[in-house]
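Chemist: Got a structure for you, written out below as structure tokens; questions coming shortly.
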Amino acid sequence: MRSLMVDDEICGVFYSNELVKQYREIFEKDILHCNPYTLEMFQGRTQKEKFMASIFLLFAPLM
């Protein structure tokens with residue numbers, strides 16, 4: 001429950017196998033157009049990037 005409050009996640013339950021299949025296909029197509037973001041990339045962020053992330057985090061609940 002804490003994760004839902006901190007990260008503004010959405011939890012959903014699908015009871016239709018056909019709907020699950022459609023969303024899985026959409027997800028798999030989306031993944032093809034994504035760039036991986038590795039732990040090394042995250043840890044290698046500049047001070048400016050870290051500062052900007054902390055500023056945007058303040059406004060996340062408003063979005």
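Each chain of the structure tokens is named A, B, ... in the order shown, its residues numbered from 1; ligands are numbered from 1 in display order.
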Can you check which residues of chain A DSSP gives as helix (DSSP H, G or I) on the backbone and send them as a PDB file with N, CA and C atoms, in the first residue's frame?
Modeler:
```pdb
ATOM      1  N   ARG A   2       1.996   1.218   0.713  1.00  0.00           N
ATOM      2  CA  ARG A   2       2.882   2.377   0.762  1.00  0.00           C
ATOM      3  C   ARG A   2       3.350   2.762  -0.631  1.00  0.00           C
ATOM      4  N   SER A   3       3.656   1.767  -1.449  1.00  0.00           N
ATOM      5  CA  SER A   3       4.132   2.035  -2.801  1.00  0.00           C
ATOM      6  C   SER A   3       3.086   2.797  -3.604  1.00  0.00           C
ATOM      7  N   LEU A   4       1.821   2.456  -3.428  1.00  0.00           N
ATOM      8  CA  LEU A   4       0.759   3.157  -4.148  1.00  0.00           C
ATOM      9  C   LEU A   4       0.702   4.623  -3.738  1.00  0.00           C
ATOM     10  N   MET A   5       0.942   4.910  -2.468  1.00  0.00           N
ATOM     11  CA  MET A   5       0.892   6.295  -1.995  1.00  0.00           C
ATOM     12  C   MET A   5       2.116   7.080  -2.446  1.00  0.00           C
ATOM     13  N   VAL A   6       3.276   6.478  -2.391  1.00  0.00           N
ATOM     14  CA  VAL A   6       4.520   7.176  -2.719  1.00  0.00           C
ATOM     15  C   VAL A   6       4.687   7.358  -4.222  1.00  0.00           C
ATOM     16  N   ASP A   7       4.398   6.340  -5.002  1.00  0.00           N
ATOM     17  CA  ASP A   7       4.682   6.359  -6.432  1.00  0.00           C
ATOM     18  C   ASP A   7       3.474   6.646  -7.315  1.00  0.00           C
ATOM     19  N   ASN A  17     -10.167 -12.436 -20.114  1.00  0.00           N
ATOM     20  CA  ASN A  17      -8.922 -12.904 -20.727  1.00  0.00           C
ATOM     21  C   ASN A  17      -8.648 -12.200 -22.050  1.00  0.00           C
ATOM     22  N   GLU A  18      -9.688 -11.883 -22.795  1.00  0.00           N
ATOM     23  CA  GLU A  18      -9.513 -11.193 -24.080  1.00  0.00           C
ATOM     24  C   GLU A  18      -8.951  -9.787 -23.853  1.00  0.00           C
ATOM     25  N   LEU A  19      -9.450  -9.105 -22.848  1.00  0.00           N
ATOM     26  CA  LEU A  19      -8.947  -7.766 -22.532  1.00  0.00           C
ATOM     27  C   LEU A  19      -7.486  -7.830 -22.086  1.00  0.00           C
ATOM     28  N   VAL A  20      -7.155  -8.821 -21.288  1.00  0.00           N
ATOM     29  CA  VAL A  20      -5.771  -9.009 -20.845  1.00  0.00           C
ATOM     30  C   VAL A  20      -4.870  -9.251 -22.052  1.00  0.00           C
ATOM     31  N   LYS A  21      -5.332 -10.053 -22.987  1.00  0.00           N
ATOM     32  CA  LYS A  21      -4.553 -10.336 -24.199  1.00  0.00           C
ATOM     33  C   LYS A  21      -4.307  -9.054 -24.996  1.00  0.00           C
ATOM     34  N   GLN A  22      -5.339  -8.225 -25.135  1.00  0.00           N
ATOM     35  CA  GLN A  22      -5.199  -6.975 -25.882  1.00  0.00           C
ATOM     36  C   GLN A  22      -4.186  -6.041 -25.211  1.00  0.00           C
ATOM     37  N   TYR A  23      -4.287  -5.909 -23.904  1.00  0.00           N
ATOM     38  CA  TYR A  23      -3.360  -5.028 -23.190  1.00  0.00           C
ATOM     39  C   TYR A  23      -1.939  -5.569 -23.209  1.00  0.00           C
ATOM     40  N   ARG A  24      -1.800  -6.876 -23.176  1.00  0.00           N
ATOM     41  CA  ARG A  24      -0.458  -7.468 -23.262  1.00  0.00           C
ATOM     42  C   ARG A  24       0.164  -7.162 -24.624  1.00  0.00           C
ATOM     43  N   GLU A  25      -0.624  -7.264 -25.698  1.00  0.00           N
ATOM     44  CA  GLU A  25      -0.123  -6.956 -27.039  1.00  0.00           C
ATOM     45  C   GLU A  25       0.276  -5.483 -27.150  1.00  0.00           C
ATOM     46  N   ILE A  26      -0.535  -4.606 -26.584  1.00  0.00           N
ATOM     47  CA  ILE A  26      -0.214  -3.174 -26.594  1.00  0.00           C
ATOM     48  C   ILE A  26       1.095  -2.926 -25.852  1.00  0.00           C
ATOM     49  N   PHE A  27       1.233  -3.553 -24.690  1.00  0.00           N
ATOM     50  CA  PHE A  27       2.453  -3.400 -23.889  1.00  0.00           C
ATOM     51  C   PHE A  27       3.672  -3.894 -24.656  1.00  0.00           C
ATOM     52  N   GLU A  28       3.567  -5.052 -25.280  1.00  0.00           N
ATOM     53  CA  GLU A  28       4.701  -5.614 -26.017  1.00  0.00           C
ATOM     54  C   GLU A  28       5.090  -4.741 -27.202  1.00  0.00           C
ATOM     55  N   LYS A  29       4.120  -4.112 -27.866  1.00  0.00           N
ATOM     56  CA  LYS A  29       4.428  -3.185 -28.957  1.00  0.00           C
ATOM     57  C   LYS A  29       5.115  -1.929 -28.416  1.00  0.00           C
ATOM     58  N   ASP A  30       4.644  -1.440 -27.272  1.00  0.00           N
ATOM     59  CA  ASP A  30       5.253  -0.253 -26.663  1.00  0.00           C
ATOM     60  C   ASP A  30       6.710  -0.504 -26.293  1.00  0.00           C
ATOM     61  N   ILE A  31       6.997  -1.681 -25.766  1.00  0.00           N
ATOM     62  CA  ILE A  31       8.355  -2.020 -25.336  1.00  0.00           C
ATOM     63  C   ILE A  31       9.335  -1.955 -26.507  1.00  0.00           C
ATOM     64  N   LEU A  32       8.867  -2.264 -27.705  1.00  0.00           N
ATOM     65  CA  LEU A  32       9.740  -2.230 -28.880  1.00  0.00           C
ATOM     66  C   LEU A  32      10.270  -0.826 -29.167  1.00  0.00           C
ATOM     67  N   LEU A  39      20.616   0.775 -14.265  1.00  0.00           N
ATOM     68  CA  LEU A  39      21.028   1.251 -12.949  1.00  0.00           C
ATOM     69  C   LEU A  39      22.251   2.150 -13.075  1.00  0.00           C
ATOM     70  N   GLU A  40      23.151   1.794 -13.966  1.00  0.00           N
ATOM     71  CA  GLU A  40      24.354   2.606 -14.170  1.00  0.00           C
ATOM     72  C   GLU A  40      23.993   4.001 -14.681  1.00  0.00           C
ATOM     73  N   MET A  41      23.008   4.083 -15.561  1.00  0.00           N
ATOM     74  CA  MET A  41      22.566   5.381 -16.063  1.00  0.00           C
ATOM     75  C   MET A  41      21.956   6.207 -14.928  1.00  0.00           C
ATOM     76  N   PHE A  42      21.158   5.554 -14.101  1.00  0.00           N
ATOM     77  CA  PHE A  42      20.528   6.241 -12.969  1.00  0.00           C
ATOM     78  C   PHE A  42      21.577   6.746 -11.988  1.00  0.00           C
ATOM     79  N   GLN A  43      22.530   5.898 -11.662  1.00  0.00           N
ATOM     80  CA  GLN A  43      23.572   6.283 -10.714  1.00  0.00           C
ATOM     81  C   GLN A  43      24.524   7.319 -11.300  1.00  0.00           C
ATOM     82  N   GLN A  47      24.557  16.256 -11.136  1.00  0.00           N
ATOM     83  CA  GLN A  47      23.923  16.968 -10.018  1.00  0.00           C
ATOM     84  C   GLN A  47      22.706  17.757 -10.506  1.00  0.00           C
ATOM     85  N   LYS A  48      22.822  18.322 -11.700  1.00  0.00           N
ATOM     86  CA  LYS A  48      21.700  19.087 -12.255  1.00  0.00           C
ATOM     87  C   LYS A  48      20.497  18.176 -12.487  1.00  0.00           C
ATOM     88  N   GLU A  49      20.725  16.986 -13.028  1.00  0.00           N
ATOM     89  CA  GLU A  49      19.627  16.047 -13.270  1.00  0.00           C
ATOM     90  C   GLU A  49      18.974  15.616 -11.960  1.00  0.00           C
ATOM     91  N   LYS A  50      19.783  15.372 -10.941  1.00  0.00           N
ATOM     92  CA  LYS A  50      19.241  14.985  -9.635  1.00  0.00           C
ATOM     93  C   LYS A  50      18.425  16.123  -9.031  1.00  0.00           C
ATOM     94  N   PHE A  51      18.929  17.351  -9.159  1.00  0.00           N
ATOM     95  CA  PHE A  51      18.213  18.512  -8.639  1.00  0.00           C
ATOM     96  C   PHE A  51      16.877  18.687  -9.353  1.00  0.00           C
ATOM     97  N   MET A  52      16.897  18.594 -10.673  1.00  0.00           N
ATOM     98  CA  MET A  52      15.662  18.748 -11.449  1.00  0.00           C
ATOM     99  C   MET A  52      14.653  17.657 -11.092  1.00  0.00           C
ATOM    100  N   ALA A  53      15.125  16.447 -10.895  1.00  0.00           N
ATOM    101  CA  ALA A  53      14.230  15.351 -10.520  1.00  0.00           C
ATOM    102  C   ALA A  53      13.570  15.631  -9.176  1.00  0.00           C
ATOM    103  N   SER A  54      14.321  16.176  -8.240  1.00  0.00           N
ATOM    104  CA  SER A  54      13.743  16.470  -6.926  1.00  0.00           C
ATOM    105  C   SER A  54      12.718  17.592  -7.011  1.00  0.00           C
ATOM    106  N   ILE A  55      12.950  18.563  -7.887  1.00  0.00           N
ATOM    107  CA  ILE A  55      11.976  19.644  -8.082  1.00  0.00           C
ATOM    108  C   ILE A  55      10.692  19.094  -8.697  1.00  0.00           C
ATOM    109  N   PHE A  56      10.824  18.286  -9.743  1.00  0.00           N
ATOM    110  CA  PHE A  56       9.642  17.729 -10.399  1.00  0.00           C
ATOM    111  C   PHE A  56       8.873  16.795  -9.475  1.00  0.00           C
ATOM    112  N   LEU A  57       9.571  16.129  -8.571  1.00  0.00           N
ATOM    113  CA  LEU A  57       8.917  15.227  -7.628  1.00  0.00           C
ATOM    114  C   LEU A  57       7.931  15.982  -6.742  1.00  0.00           C
ATOM    115  N   LEU A  58       8.247  17.234  -6.421  1.00  0.00           N
ATOM    116  CA  LEU A  58       7.341  18.053  -5.611  1.00  0.00           C
ATOM    117  C   LEU A  58       6.008  18.290  -6.313  1.00  0.00           C
ATOM    118  N   PHE A  59       6.043  18.385  -7.641  1.00  0.00           N
ATOM    119  CA  PHE A  59       4.839  18.685  -8.406  1.00  0.00           C
ATOM    120  C   PHE A  59       4.103  17.442  -8.903  1.00  0.00           C
ATOM    121  N   ALA A  60       4.672  16.276  -8.697  1.00  0.00           N
ATOM    122  CA  ALA A  60       4.070  15.031  -9.192  1.00  0.00           C
ATOM    123  C   ALA A  60       2.631  14.828  -8.715  1.00  0.00           C
ATOM    124  N   PRO A  61       2.307  15.115  -7.446  1.00  0.00           N
ATOM    125  CA  PRO A  61       0.916  14.906  -7.015  1.00  0.00           C
ATOM    126  C   PRO A  61      -0.087  15.802  -7.730  1.00  0.00           C
ATOM    127  N   LEU A  62       0.373  16.896  -8.305  1.00  0.00           N
ATOM    128  CA  LEU A  62      -0.528  17.816  -9.004  1.00  0.00           C
ATOM    129  C   LEU A  62      -0.835  17.378 -10.426  1.00  0.00           C
TER     130      LEU A  62
END
```
